[in-house]
file run.pdb (PDB, C-alpha atoms and all ligand atoms)
ATOM      1  CA  MET A 108       4.677  16.056  -0.268  1.00  0.00           C
ATOM      2  CA  GLN A 109       1.947  14.767  -2.575  1.00  0.00           C
ATOM      3  CA  ILE A 110       0.438  11.286  -2.550  1.00  0.00           C
ATOM      4  CA  SER A 111      -1.478   9.813  -5.486  1.00  0.00           C
ATOM      5  CA  VAL A 112      -2.776   6.290  -5.708  1.00  0.00           C
ATOM      6  CA  VAL A 113      -2.215   4.726  -9.113  1.00  0.00           C
ATOM      7  CA  ALA A 114      -3.934   1.445  -8.223  1.00  0.00           C
ATOM      8  CA  SER A 115      -5.202  -0.235  -5.069  1.00  0.00           C
ATOM      9  CA  GLY A 116      -6.847  -3.605  -4.569  1.00  0.00           C
ATOM     10  CA  SER A 117      -6.171  -7.300  -4.824  1.00  0.00           C
ATOM     11  CA  ASN A 118      -6.095  -6.659  -8.600  1.00  0.00           C
ATOM     12  CA  GLY A 119      -3.039  -4.384  -8.495  1.00  0.00           C
ATOM     13  CA  ASN A 120      -1.289  -1.828  -6.310  1.00  0.00           C
ATOM     14  CA  SER A 121       0.877   1.217  -6.917  1.00  0.00           C
ATOM     15  CA  CYS A 122       1.265   4.503  -5.071  1.00  0.00           C
ATOM     16  CA  LEU A 123       3.094   7.641  -6.201  1.00  0.00           C
ATOM     17  CA  ILE A 124       4.909   9.961  -3.786  1.00  0.00           C
ATOM     18  CA  GLU A 125       6.205  13.299  -5.025  1.00  0.00           C
ATOM     19  CA  ASN A 126       8.264  15.716  -3.018  1.00  0.00           C
ATOM     20  CA  LYS A 127      10.147  18.717  -4.408  1.00  0.00           C
ATOM     21  CA  GLY A 128      11.187  17.071  -7.640  1.00  0.00           C
ATOM     22  CA  THR A 129      11.685  13.550  -6.286  1.00  0.00           C
ATOM     23  CA  SER A 130       9.149  10.891  -7.288  1.00  0.00           C
ATOM     24  CA  LEU A 131       8.817   7.370  -5.944  1.00  0.00           C
ATOM     25  CA  LEU A 132       6.518   4.565  -6.917  1.00  0.00           C
ATOM     26  CA  ILE A 133       5.685   2.110  -4.183  1.00  0.00           C
ATOM     27  CA  ASP A 134       4.941  -1.136  -6.012  1.00  0.00           C
ATOM     28  CA  ALA A 135       3.924  -1.481  -9.635  1.00  0.00           C
ATOM     29  CA  GLY A 136       1.294  -4.217  -9.640  1.00  0.00           C
ATOM     30  CA  LYS A 137      -0.217  -3.405 -13.033  1.00  0.00           C
ATOM     31  CA  SER A 138       1.276  -3.624 -16.498  1.00  0.00           C
ATOM     32  CA  CYS A 139       3.702  -0.940 -17.621  1.00  0.00           C
ATOM     33  CA  ARG A 140       1.157   0.283 -20.166  1.00  0.00           C
ATOM     34  CA  GLU A 141      -1.626   0.600 -17.558  1.00  0.00           C
ATOM     35  CA  ILE A 142       0.619   2.437 -15.110  1.00  0.00           C
ATOM     36  CA  GLU A 143       1.743   4.782 -17.904  1.00  0.00           C
ATOM     37  CA  ARG A 144      -1.915   5.478 -18.725  1.00  0.00           C
ATOM     38  CA  ARG A 145      -2.873   6.162 -15.114  1.00  0.00           C
ATOM     39  CA  LEU A 146       0.146   8.372 -14.410  1.00  0.00           C
ATOM     40  CA  ASN A 147      -0.763  10.337 -17.517  1.00  0.00           C
ATOM     41  CA  ASN A 148      -4.265  10.836 -16.039  1.00  0.00           C
ATOM     42  CA  LEU A 149      -2.565  12.133 -12.890  1.00  0.00           C
ATOM     43  CA  GLY A 150      -0.545  14.607 -14.949  1.00  0.00           C
ATOM     44  CA  THR A 151       2.814  12.897 -14.694  1.00  0.00           C
ATOM     45  CA  SER A 152       4.836  10.138 -16.299  1.00  0.00           C
ATOM     46  CA  LEU A 153       7.244   7.309 -15.552  1.00  0.00           C
ATOM     47  CA  GLU A 154       9.958   9.573 -16.987  1.00  0.00           C
ATOM     48  CA  ASN A 155       9.760  11.507 -13.708  1.00  0.00           C
ATOM     49  CA  VAL A 156      10.049   8.520 -11.360  1.00  0.00           C
ATOM     50  CA  ASN A 157      13.398   8.235  -9.528  1.00  0.00           C
ATOM     51  CA  ALA A 158      12.881   4.906  -7.752  1.00  0.00           C
ATOM     52  CA  ILE A 159      10.488   2.032  -7.233  1.00  0.00           C
ATOM     53  CA  LEU A 160      10.087   0.675  -3.691  1.00  0.00           C
ATOM     54  CA  LEU A 161       8.802  -2.852  -3.485  1.00  0.00           C
ATOM     55  CA  THR A 162       6.695  -4.147  -0.591  1.00  0.00           C
ATOM     56  CA  HIS A 163       6.708  -7.821  -1.585  1.00  0.00           C
ATOM     57  CA  ALA A 164       6.753 -10.292  -4.422  1.00  0.00           C
ATOM     58  CA  HIS A 165       3.045 -11.046  -4.937  1.00  0.00           C
ATOM     59  CA  SER A 166       1.963 -10.275  -8.485  1.00  0.00           C
ATOM     60  CA  ASP A 167      -0.559  -7.594  -7.467  1.00  0.00           C
ATOM     61  CA  HIS A 168       2.486  -5.573  -6.351  1.00  0.00           C
ATOM     62  CA  ILE A 169       5.186  -6.596  -8.765  1.00  0.00           C
ATOM     63  CA  ALA A 170       3.511  -7.326 -12.135  1.00  0.00           C
ATOM     64  CA  GLY A 171       4.920  -4.306 -13.997  1.00  0.00           C
ATOM     65  CA  VAL A 172       8.143  -3.761 -12.065  1.00  0.00           C
ATOM     66  CA  ASP A 173      10.638  -5.524 -14.315  1.00  0.00           C
ATOM     67  CA  VAL A 174       9.441  -3.901 -17.545  1.00  0.00           C
ATOM     68  CA  ILE A 175       9.030  -0.418 -16.041  1.00  0.00           C
ATOM     69  CA  SER A 176      12.399  -0.531 -14.327  1.00  0.00           C
ATOM     70  CA  ARG A 177      14.252  -1.620 -17.472  1.00  0.00           C
ATOM     71  CA  ARG A 178      12.363   0.585 -19.924  1.00  0.00           C
ATOM     72  CA  TYR A 179      12.752   3.741 -17.838  1.00  0.00           C
ATOM     73  CA  ASN A 180      16.024   2.847 -16.110  1.00  0.00           C
ATOM     74  CA  ILE A 181      14.510   3.141 -12.626  1.00  0.00           C
ATOM     75  CA  PRO A 182      16.237   1.273  -9.748  1.00  0.00           C
ATOM     76  CA  VAL A 183      14.137  -1.044  -7.580  1.00  0.00           C
ATOM     77  CA  TYR A 184      14.641  -0.850  -3.799  1.00  0.00           C
ATOM     78  CA  LEU A 185      13.687  -3.906  -1.768  1.00  0.00           C
ATOM     79  CA  SER A 186      14.699  -5.944   1.266  1.00  0.00           C
ATOM     80  CA  LYS A 187      16.952  -8.973   0.918  1.00  0.00           C
ATOM     81  CA  ASP A 188      14.122 -11.318   1.934  1.00  0.00           C
ATOM     82  CA  VAL A 189      11.810  -9.856  -0.715  1.00  0.00           C
ATOM     83  CA  TYR A 190      14.595  -9.903  -3.306  1.00  0.00           C
ATOM     84  CA  GLU A 191      15.041 -13.636  -2.784  1.00  0.00           C
ATOM     85  CA  GLN A 192      11.374 -14.187  -3.673  1.00  0.00           C
ATOM     86  CA  THR A 193      11.617 -12.306  -6.955  1.00  0.00           C
ATOM     87  CA  ASN A 194      13.060 -13.073 -10.327  1.00  0.00           C
ATOM     88  CA  LEU A 195      13.888  -9.495 -11.195  1.00  0.00           C
ATOM     89  CA  ASN A 196      16.116  -8.889 -14.151  1.00  0.00           C
ATOM     90  CA  THR A 197      16.896  -5.229 -13.544  1.00  0.00           C
ATOM     91  CA  LYS A 198      18.850  -2.811 -11.367  1.00  0.00           C
ATOM     92  CA  THR A 199      18.067  -3.496  -7.689  1.00  0.00           C
ATOM     93  CA  LYS A 200      19.182  -1.926  -4.414  1.00  0.00           C
ATOM     94  CA  ILE A 201      18.840  -3.873  -1.202  1.00  0.00           C
ATOM     95  CA  PHE A 202      17.962  -2.009   1.979  1.00  0.00           C
ATOM     96  CA  SER A 203      18.076  -3.349   5.522  1.00  0.00           C
ATOM     97  CA  LYS A 204      17.237  -0.270   7.575  1.00  0.00           C
ATOM     98  CA  SER A 205      16.205   3.353   7.070  1.00  0.00           C
ATOM     99  CA  PHE A 206      17.599   5.145   4.029  1.00  0.00           C
ATOM    100  CA  LYS A 207      17.151   8.353   2.080  1.00  0.00           C
ATOM    101  CA  ILE A 208      16.324   9.123  -1.513  1.00  0.00           C
ATOM    102  CA  ASN A 209      17.029  12.839  -1.933  1.00  0.00           C
ATOM    103  CA  ASN A 210      14.720  14.576   0.546  1.00  0.00           C
ATOM    104  CA  LEU A 211      12.639  11.512   1.377  1.00  0.00           C
ATOM    105  CA  LYS A 212      13.417   9.633   4.598  1.00  0.00           C
ATOM    106  CA  ILE A 213      12.287   6.049   4.193  1.00  0.00           C
ATOM    107  CA  LYS A 214      11.843   3.616   7.062  1.00  0.00           C
ATOM    108  CA  PRO A 215      10.952   0.029   6.141  1.00  0.00           C
ATOM    109  CA  ILE A 216       8.516  -1.613   8.537  1.00  0.00           C
ATOM    110  CA  GLN A 217       7.837  -5.312   8.332  1.00  0.00           C
ATOM    111  CA  THR A 218       4.227  -6.380   7.847  1.00  0.00           C
ATOM    112  CA  SER A 219       2.751  -9.762   8.782  1.00  0.00           C
ATOM    113  CA  HIS A 220       2.045 -11.640   5.556  1.00  0.00           C
ATOM    114  CA  ASP A 221       2.492 -15.140   4.145  1.00  0.00           C
ATOM    115  CA  VAL A 222       5.648 -14.019   2.320  1.00  0.00           C
ATOM    116  CA  PRO A 223       8.318 -11.507   3.468  1.00  0.00           C
ATOM    117  CA  SER A 224       6.642  -8.107   3.141  1.00  0.00           C
ATOM    118  CA  THR A 225       7.496  -4.500   3.944  1.00  0.00           C
ATOM    119  CA  GLY A 226       5.474  -1.403   4.740  1.00  0.00           C
ATOM    120  CA  PHE A 227       7.067   2.032   4.675  1.00  0.00           C
ATOM    121  CA  LYS A 228       7.120   5.293   6.573  1.00  0.00           C
ATOM    122  CA  ILE A 229       8.142   7.979   4.086  1.00  0.00           C
ATOM    123  CA  ASN A 230       8.575  11.329   5.810  1.00  0.00           C
ATOM    124  CA  ASP A 231       5.181  11.746   7.561  1.00  0.00           C
ATOM    125  CA  PHE A 232       3.287   9.248   5.398  1.00  0.00           C
ATOM    126  CA  GLY A 233       2.810   5.555   6.114  1.00  0.00           C
ATOM    127  CA  ILE A 234       1.777   2.780   3.756  1.00  0.00           C
ATOM    128  CA  PHE A 235       0.785  -0.581   5.232  1.00  0.00           C
ATOM    129  CA  THR A 236      -0.960  -3.192   3.129  1.00  0.00           C
ATOM    130  CA  ASP A 237      -0.816  -6.973   3.037  1.00  0.00           C
ATOM    131  CA  THR A 238      -0.698  -7.538   6.758  1.00  0.00           C
ATOM    132  CA  GLY A 239      -2.865  -9.980   8.707  1.00  0.00           C
ATOM    133  CA  ILE A 240      -2.515  -7.990  11.917  1.00  0.00           C
ATOM    134  CA  ILE A 241      -1.514  -4.568  13.137  1.00  0.00           C
ATOM    135  CA  THR A 242       2.028  -5.297  14.293  1.00  0.00           C
ATOM    136  CA  LYS A 243       3.546  -3.601  17.346  1.00  0.00           C
ATOM    137  CA  GLU A 244       5.748  -1.546  15.045  1.00  0.00           C
ATOM    138  CA  ILE A 245       2.849  -0.307  12.904  1.00  0.00           C
ATOM    139  CA  GLU A 246       0.960   0.574  16.071  1.00  0.00           C
ATOM    140  CA  LYS A 247       3.942   2.481  17.434  1.00  0.00           C
ATOM    141  CA  ILE A 248       4.613   4.482  14.297  1.00  0.00           C
ATOM    142  CA  THR A 249       1.027   5.490  13.411  1.00  0.00           C
ATOM    143  CA  PRO A 250       0.811   8.387  15.937  1.00  0.00           C
ATOM    144  CA  LYS A 251       3.772   9.978  14.103  1.00  0.00           C
ATOM    145  CA  LEU A 252       1.983   9.988  10.750  1.00  0.00           C
ATOM    146  CA  LYS A 253       0.079  12.818   9.084  1.00  0.00           C
ATOM    147  CA  GLY A 254      -1.222  10.599   6.282  1.00  0.00           C
ATOM    148  CA  ILE A 255      -1.719   6.860   5.926  1.00  0.00           C
ATOM    149  CA  LEU A 256      -2.613   4.342   3.237  1.00  0.00           C
ATOM    150  CA  LEU A 257      -3.891   1.337   5.127  1.00  0.00           C
ATOM    151  CA  GLU A 258      -5.248  -1.987   3.979  1.00  0.00           C
ATOM    152  CA  SER A 259      -8.989  -2.444   4.587  1.00  0.00           C
ATOM    153  CA  ASN A 260      -9.243  -5.716   2.734  1.00  0.00           C
ATOM    154  CA  HIS A 261     -12.390  -7.487   3.828  1.00  0.00           C
ATOM    155  CA  ASP A 262     -15.515  -7.523   5.888  1.00  0.00           C
ATOM    156  CA  ILE A 263     -15.114 -10.498   8.217  1.00  0.00           C
ATOM    157  CA  ASP A 264     -18.767 -11.625   7.929  1.00  0.00           C
ATOM    158  CA  MET A 265     -18.762 -11.393   4.139  1.00  0.00           C
ATOM    159  CA  LEU A 266     -15.598 -13.471   4.019  1.00  0.00           C
ATOM    160  CA  ILE A 267     -16.824 -16.138   6.469  1.00  0.00           C
ATOM    161  CA  ASN A 268     -20.222 -16.446   4.770  1.00  0.00           C
ATOM    162  CA  GLY A 269     -18.843 -16.133   1.236  1.00  0.00           C
ATOM    163  CA  SER A 270     -17.968 -18.724  -1.362  1.00  0.00           C
ATOM    164  CA  TYR A 271     -14.192 -18.992  -0.885  1.00  0.00           C
ATOM    165  CA  PRO A 272     -12.870 -22.464   0.001  1.00  0.00           C
ATOM    166  CA  ALA A 273     -12.131 -22.977   3.702  1.00  0.00           C
ATOM    167  CA  PHE A 274      -8.340 -22.941   3.294  1.00  0.00           C
ATOM    168  CA  LEU A 275      -8.464 -19.577   1.536  1.00  0.00           C
ATOM    169  CA  LYS A 276     -10.773 -18.056   4.152  1.00  0.00           C
ATOM    170  CA  GLN A 277      -8.342 -19.299   6.790  1.00  0.00           C
ATOM    171  CA  ARG A 278      -5.377 -17.825   4.945  1.00  0.00           C
ATOM    172  CA  ILE A 279      -6.984 -14.380   4.611  1.00  0.00           C
ATOM    173  CA  LEU A 280      -8.181 -14.330   8.244  1.00  0.00           C
ATOM    174  CA  SER A 281      -4.869 -15.515   9.693  1.00  0.00           C
ATOM    175  CA  ASP A 282      -2.216 -13.314  11.295  1.00  0.00           C
ATOM    176  CA  ARG A 283      -0.280 -13.567   8.047  1.00  0.00           C
ATOM    177  CA  GLY A 284      -3.160 -12.786   5.701  1.00  0.00           C
ATOM    178  CA  HIS A 285      -4.982  -9.515   5.075  1.00  0.00           C
ATOM    179  CA  LEU A 286      -6.372  -6.766   7.296  1.00  0.00           C
ATOM    180  CA  SER A 287     -10.119  -6.524   7.953  1.00  0.00           C
ATOM    181  CA  ASN A 288     -12.156  -3.318   7.861  1.00  0.00           C
ATOM    182  CA  ILE A 289     -12.596  -3.404  11.636  1.00  0.00           C
ATOM    183  CA  HIS A 290      -8.889  -3.751  12.381  1.00  0.00           C
ATOM    184  CA  ALA A 291      -7.982  -0.955   9.964  1.00  0.00           C
ATOM    185  CA  SER A 292     -10.535   1.437  11.456  1.00  0.00           C
ATOM    186  CA  GLU A 293      -9.521   0.553  15.020  1.00  0.00           C
ATOM    187  CA  LEU A 294      -5.891   1.454  14.327  1.00  0.00           C
ATOM    188  CA  ILE A 295      -6.926   4.837  12.965  1.00  0.00           C
ATOM    189  CA  GLU A 296      -9.238   5.535  15.898  1.00  0.00           C
ATOM    190  CA  LYS A 297      -6.734   4.458  18.561  1.00  0.00           C
ATOM    191  CA  GLN A 298      -3.406   5.620  17.117  1.00  0.00           C
ATOM    192  CA  GLY A 299      -4.166   8.148  14.393  1.00  0.00           C
ATOM    193  CA  LYS A 300      -4.137  11.259  16.531  1.00  0.00           C
ATOM    194  CA  ASN A 301      -1.991  13.298  14.105  1.00  0.00           C
ATOM    195  CA  LEU A 302      -3.533  12.066  10.860  1.00  0.00           C
ATOM    196  CA  ASN A 303      -4.919  14.615   8.418  1.00  0.00           C
ATOM    197  CA  PHE A 304      -6.138  11.947   6.058  1.00  0.00           C
ATOM    198  CA  ALA A 305      -6.553   8.189   5.790  1.00  0.00           C
ATOM    199  CA  LEU A 306      -6.735   6.214   2.554  1.00  0.00           C
ATOM    200  CA  LEU A 307      -8.358   2.802   2.898  1.00  0.00           C
ATOM    201  CA  GLY A 308      -7.298   0.418   0.185  1.00  0.00           C
ATOM    202  CA  HIS A 309      -6.399  -3.035  -1.060  1.00  0.00           C
ATOM    203  CA  LEU A 310     -10.116  -3.942  -1.058  1.00  0.00           C
ATOM    204  CA  SER A 311     -11.120  -7.489  -1.894  1.00  0.00           C
ATOM    205  CA  ALA A 312     -13.398  -7.848  -4.929  1.00  0.00           C
ATOM    206  CA  ASN A 313     -15.536 -10.555  -3.346  1.00  0.00           C
ATOM    207  CA  ASN A 314     -15.440  -9.915   0.379  1.00  0.00           C
ATOM    208  CA  ASN A 315     -15.903  -6.164   0.638  1.00  0.00           C
ATOM    209  CA  THR A 316     -17.728  -3.142  -0.735  1.00  0.00           C
ATOM    210  CA  VAL A 317     -16.998   0.570  -0.567  1.00  0.00           C
ATOM    211  CA  ARG A 318     -20.277   1.032   1.309  1.00  0.00           C
ATOM    212  CA  ILE A 319     -19.331  -1.478   4.019  1.00  0.00           C
ATOM    213  CA  VAL A 320     -15.842   0.044   4.424  1.00  0.00           C
ATOM    214  CA  LYS A 321     -17.425   3.479   4.917  1.00  0.00           C
ATOM    215  CA  HIS A 322     -20.027   2.170   7.335  1.00  0.00           C
ATOM    216  CA  THR A 323     -17.406   0.356   9.448  1.00  0.00           C
ATOM    217  CA  PHE A 324     -15.061   3.349   9.411  1.00  0.00           C
ATOM    218  CA  GLU A 325     -17.756   5.836  10.400  1.00  0.00           C
ATOM    219  CA  THR A 326     -18.991   3.556  13.182  1.00  0.00           C
ATOM    220  CA  ILE A 327     -15.541   3.073  14.720  1.00  0.00           C
ATOM    221  CA  VAL A 328     -13.679   6.320  13.996  1.00  0.00           C
ATOM    222  CA  LYS A 329     -15.158   9.102  16.094  1.00  0.00           C
ATOM    223  CA  LYS A 330     -12.693  11.887  15.327  1.00  0.00           C
ATOM    224  CA  LYS A 331     -13.056  14.229  12.372  1.00  0.00           C
ATOM    225  CA  LEU A 332     -10.738  13.051   9.625  1.00  0.00           C
ATOM    226  CA  ASN A 333     -10.618  13.216   5.855  1.00  0.00           C
ATOM    227  CA  TYR A 334     -10.751   9.724   4.500  1.00  0.00           C
ATOM    228  CA  ASN A 335     -11.162   8.041   1.174  1.00  0.00           C
ATOM    229  CA  VAL A 336     -11.940   4.491   0.141  1.00  0.00           C
ATOM    230  CA  LEU A 337      -9.648   3.747  -2.792  1.00  0.00           C
ATOM    231  CA  SER A 338     -11.103   2.544  -6.077  1.00  0.00           C
ATOM    232  CA  ARG A 339     -10.093  -0.871  -7.397  1.00  0.00           C
ATOM    233  CA  GLU A 340     -10.707   0.390 -10.943  1.00  0.00           C
ATOM    234  CA  LYS A 341      -8.937   3.703 -11.336  1.00  0.00           C
ATOM    235  CA  GLU A 342      -6.271   6.078 -10.044  1.00  0.00           C
ATOM    236  CA  SER A 343      -7.076   8.626  -7.344  1.00  0.00           C
ATOM    237  CA  GLY A 344      -5.360  11.658  -5.927  1.00  0.00           C
ATOM    238  CA  VAL A 345      -3.925  14.007  -4.889  1.00  0.00           C
ATOM    239  CA  TRP A 346      -3.403  14.266  -1.132  1.00  0.00           C
ATOM    240  CA  ASP A 347      -1.012  16.777   0.375  1.00  0.00           C
ATOM    241  CA  ILE A 348       1.001  16.398   3.531  1.00  0.00           C
TER     242      ILE A 348
HETATM  243 ZN    ZN B 401      -1.524  -7.452  -2.195  1.00  0.00          ZN
HETATM  244 ZN    ZN B 402       0.385  -9.973  -0.792  1.00  0.00          ZN
END
call {"tool": "encode", "arguments": {"input": "run.pdb", "output": "structure tokens"}}
result
Amino acid sequence: MQISVVASGSNGNSCLIENKGTSLLIDAGKSCREIERRLNNLGTSLENVNAILLTHAHSDHIAGVDVISRRYNIPVYLSKDVYEQTNLNTKTKIFSKSFKINNLKIKPIQTSHDVPSTGFKINDFGIFTDTGIITKEIEKITPKLKGILLESNHDIDMLINGSYPAFLKQRILSDRGHLSNIHASELIEKQGKNLNFALLGHLSANNNTVRIVKHTFETIVKKKLNYNVLSREKESGVWDI
């Protein structure tokens, strides 16, 4: 199974999973044109995508979904709670528990966010972004993963001392906000015993830097592990499981 990251950050998210002829996009939080361009850079195209899985209805995850789904006739899979937050005008499929798309076994795992939001375990890969805390379920499933894309949104000190208004700082720091660098790295150190690689993403533009993510990760995570801090500006790939 191959993982490529089309976009990651508070300015847009999308991740491509390919396995023996089946391709999934998790989220499409950039315009159709931008996702087309980035997939082209990765050597593929929306023509090859069989399904879009949606984590939640914030625009940095959903911006291109309607257009892409209609233009390329790709069904959108999402939970009922997420569906009710969207205005999608395309073919949707509601899931409530684990399901399969060809040879991919998909387990939805709720994250802790200010709107209904889903992470996924897809075969041996996990993707968890937009979560204020590491939930019990995320903690339990991480030892089973060989690869993970995990939110590493902010440096707590940068956020507290930064220029955001108090209510926004509170929202990001809350249990239903976004995951800090420290909490992301701690999960990987404590639970990531079978991981071959970790992708740290969904970085904040104002409250984080690649350098600080790396410093925090290398301070906390003692085991040898391939890891990558995902660019907010361009696609990156490819990781093999
Ligand atoms: Zn987001
Ligand atoms: Zn969100």
call {"tool": "residues_near_ligand", "arguments": {"input": "run.pdb", "ligand": "ligand ZN 402 (chain B)", "cutoff": "7 Å", "atoms": "all atoms listed in the file", "output": "PDB file with C-alpha atoms, in the frame of the given file"}}
result
ATOM      1  CA  HIS A 163       6.708  -7.821  -1.585  1.00  0.00           C
ATOM      2  CA  HIS A 165       3.045 -11.046  -4.937  1.00  0.00           C
ATOM      3  CA  HIS A 220       2.045 -11.640   5.556  1.00  0.00           C
ATOM      4  CA  ASP A 237      -0.816  -6.973   3.037  1.00  0.00           C
TER       5      ASP A 237
END
call {"tool": "resolve_selection", "arguments": {"input": "run.pdb", "expression": "the PyMOL selection byres (((not hetatm)) within 8 of (chain B and resi 401))", "output": "PyMOL selection string"}}
result
chain A and resi 116-120+165-168+236-237+309
call {"tool": "atom_distance", "arguments": {"input": "run.pdb", "atom1": "CA of Ala135 (chain A)", "atom2": "CA of Leu332 (chain A)"}}
result
28.2 Å
call {"tool": "resolve_selection", "arguments": {"input": "run.pdb", "expression": "the PyMOL selection byres (((chain A and resi 264) around 12) and not hetatm)", "output": "MDAnalysis selection string"}}
result
chainID A and resid 261:263 265:270 276 280 287:289 313:315 319
call {"tool": "residues_around", "arguments": {"input": "run.pdb", "residues": "Gln217 (chain A)", "least_positions_apart": "3", "cutoff": "10 Å", "atoms": "all atoms listed in the file", "output": "count of residues only"}}
result
14
call {"tool": "atom_distance", "arguments": {"input": "run.pdb", "atom1": "CA of Leu153 (chain A)", "atom2": "CA of Leu306 (chain A)"}}
result
22.9 Å
call {"tool": "closest_residue", "arguments": {"input": "run.pdb", "among": "A:Ile175, A:Ile279, A:Ile255, A:Ala273", "to": "Ser219 (chain A)", "atoms": "all atoms listed in the file"}}
result
A:Ile279
call {"tool": "closest_residue", "arguments": {"input": "run.pdb", "among": "A:Asp231, A:Ala291, A:Ile213, A:Ala158", "to": "Thr199 (chain A)", "atoms": "only C-alpha atoms"}}
result
A:Ala158
call {"tool": "resolve_selection", "arguments": {"input": "run.pdb", "expression": "the PyMOL selection byres (((chain A and resi 161) around 7) and not hetatm)", "output": "PyMOL selection string"}}
result
chain A and resi 133-134+159-160+162-163+183-185
call {"tool": "axis_aligned_box", "arguments": {"input": "run.pdb", "around": "region 111-117 of chain A", "padding_each_side": "5 Å", "output": "lines of an AutoDock Vina configuration file"}}
result
center_x = -4.2
center_y = 1.3
center_z = -6.8
size_x = 15.4
size_y = 27.1
size_z = 14.5
call {"tool": "atom_distance", "arguments": {"input": "run.pdb", "atom1": "CA of Asn335 (chain A)", "atom2": "CA of Ile295 (chain A)"}}
result
12.9 Å
call {"tool": "closest_residue", "arguments": {"input": "run.pdb", "among": "A:Asn301, A:Lys251, A:Ile208, A:Ser130", "to": "Ser111 (chain A)", "atoms": "all atoms listed in the file"}}
result
A:Ser130
call {"tool": "closest_residue", "arguments": {"input": "run.pdb", "among": "A:Thr249, A:Ser311, A:Ser343, A:Thr323", "to": "Gln109 (chain A)", "atoms": "only C-alpha atoms"}}
result
A:Ser343
call {"tool": "residues_around", "arguments": {"input": "run.pdb", "residues": "Val174 (chain A)", "least_positions_apart": "2", "cutoff": "10 Å", "atoms": "only C-alpha atoms", "output": "list in words"}}
result
Ala135, Ser138, Cys139, Arg140, Ala170, Gly171, Val172, Ser176, Arg177, Arg178, Tyr179, Asn180, Ile181, Leu195, Asn196 and Thr197 of chain A
call {"tool": "closest_residue", "arguments": {"input": "run.pdb", "among": "A:Asp188, A:Lys200, A:Glu258, A:Gly128", "to": "His290 (chain A)", "atoms": "all atoms listed in the file"}}
result
A:Glu258
call {"tool": "closest_residue", "arguments": {"input": "run.pdb", "among": "A:Gly308, A:Gly254, A:Gly344, A:Pro182", "to": "Lys198 (chain A)", "atoms": "only C-alpha atoms"}}
result
A:Pro182
call {"tool": "residues_around", "arguments": {"input": "run.pdb", "residues": "Trp346 (chain A)", "least_positions_apart": "4", "cutoff": "12 Å", "atoms": "all atoms listed in the file", "output": "PyMOL selection string"}}
result
chain A and resi 108-112+122-126+149+232+253-256+303-306+333-335
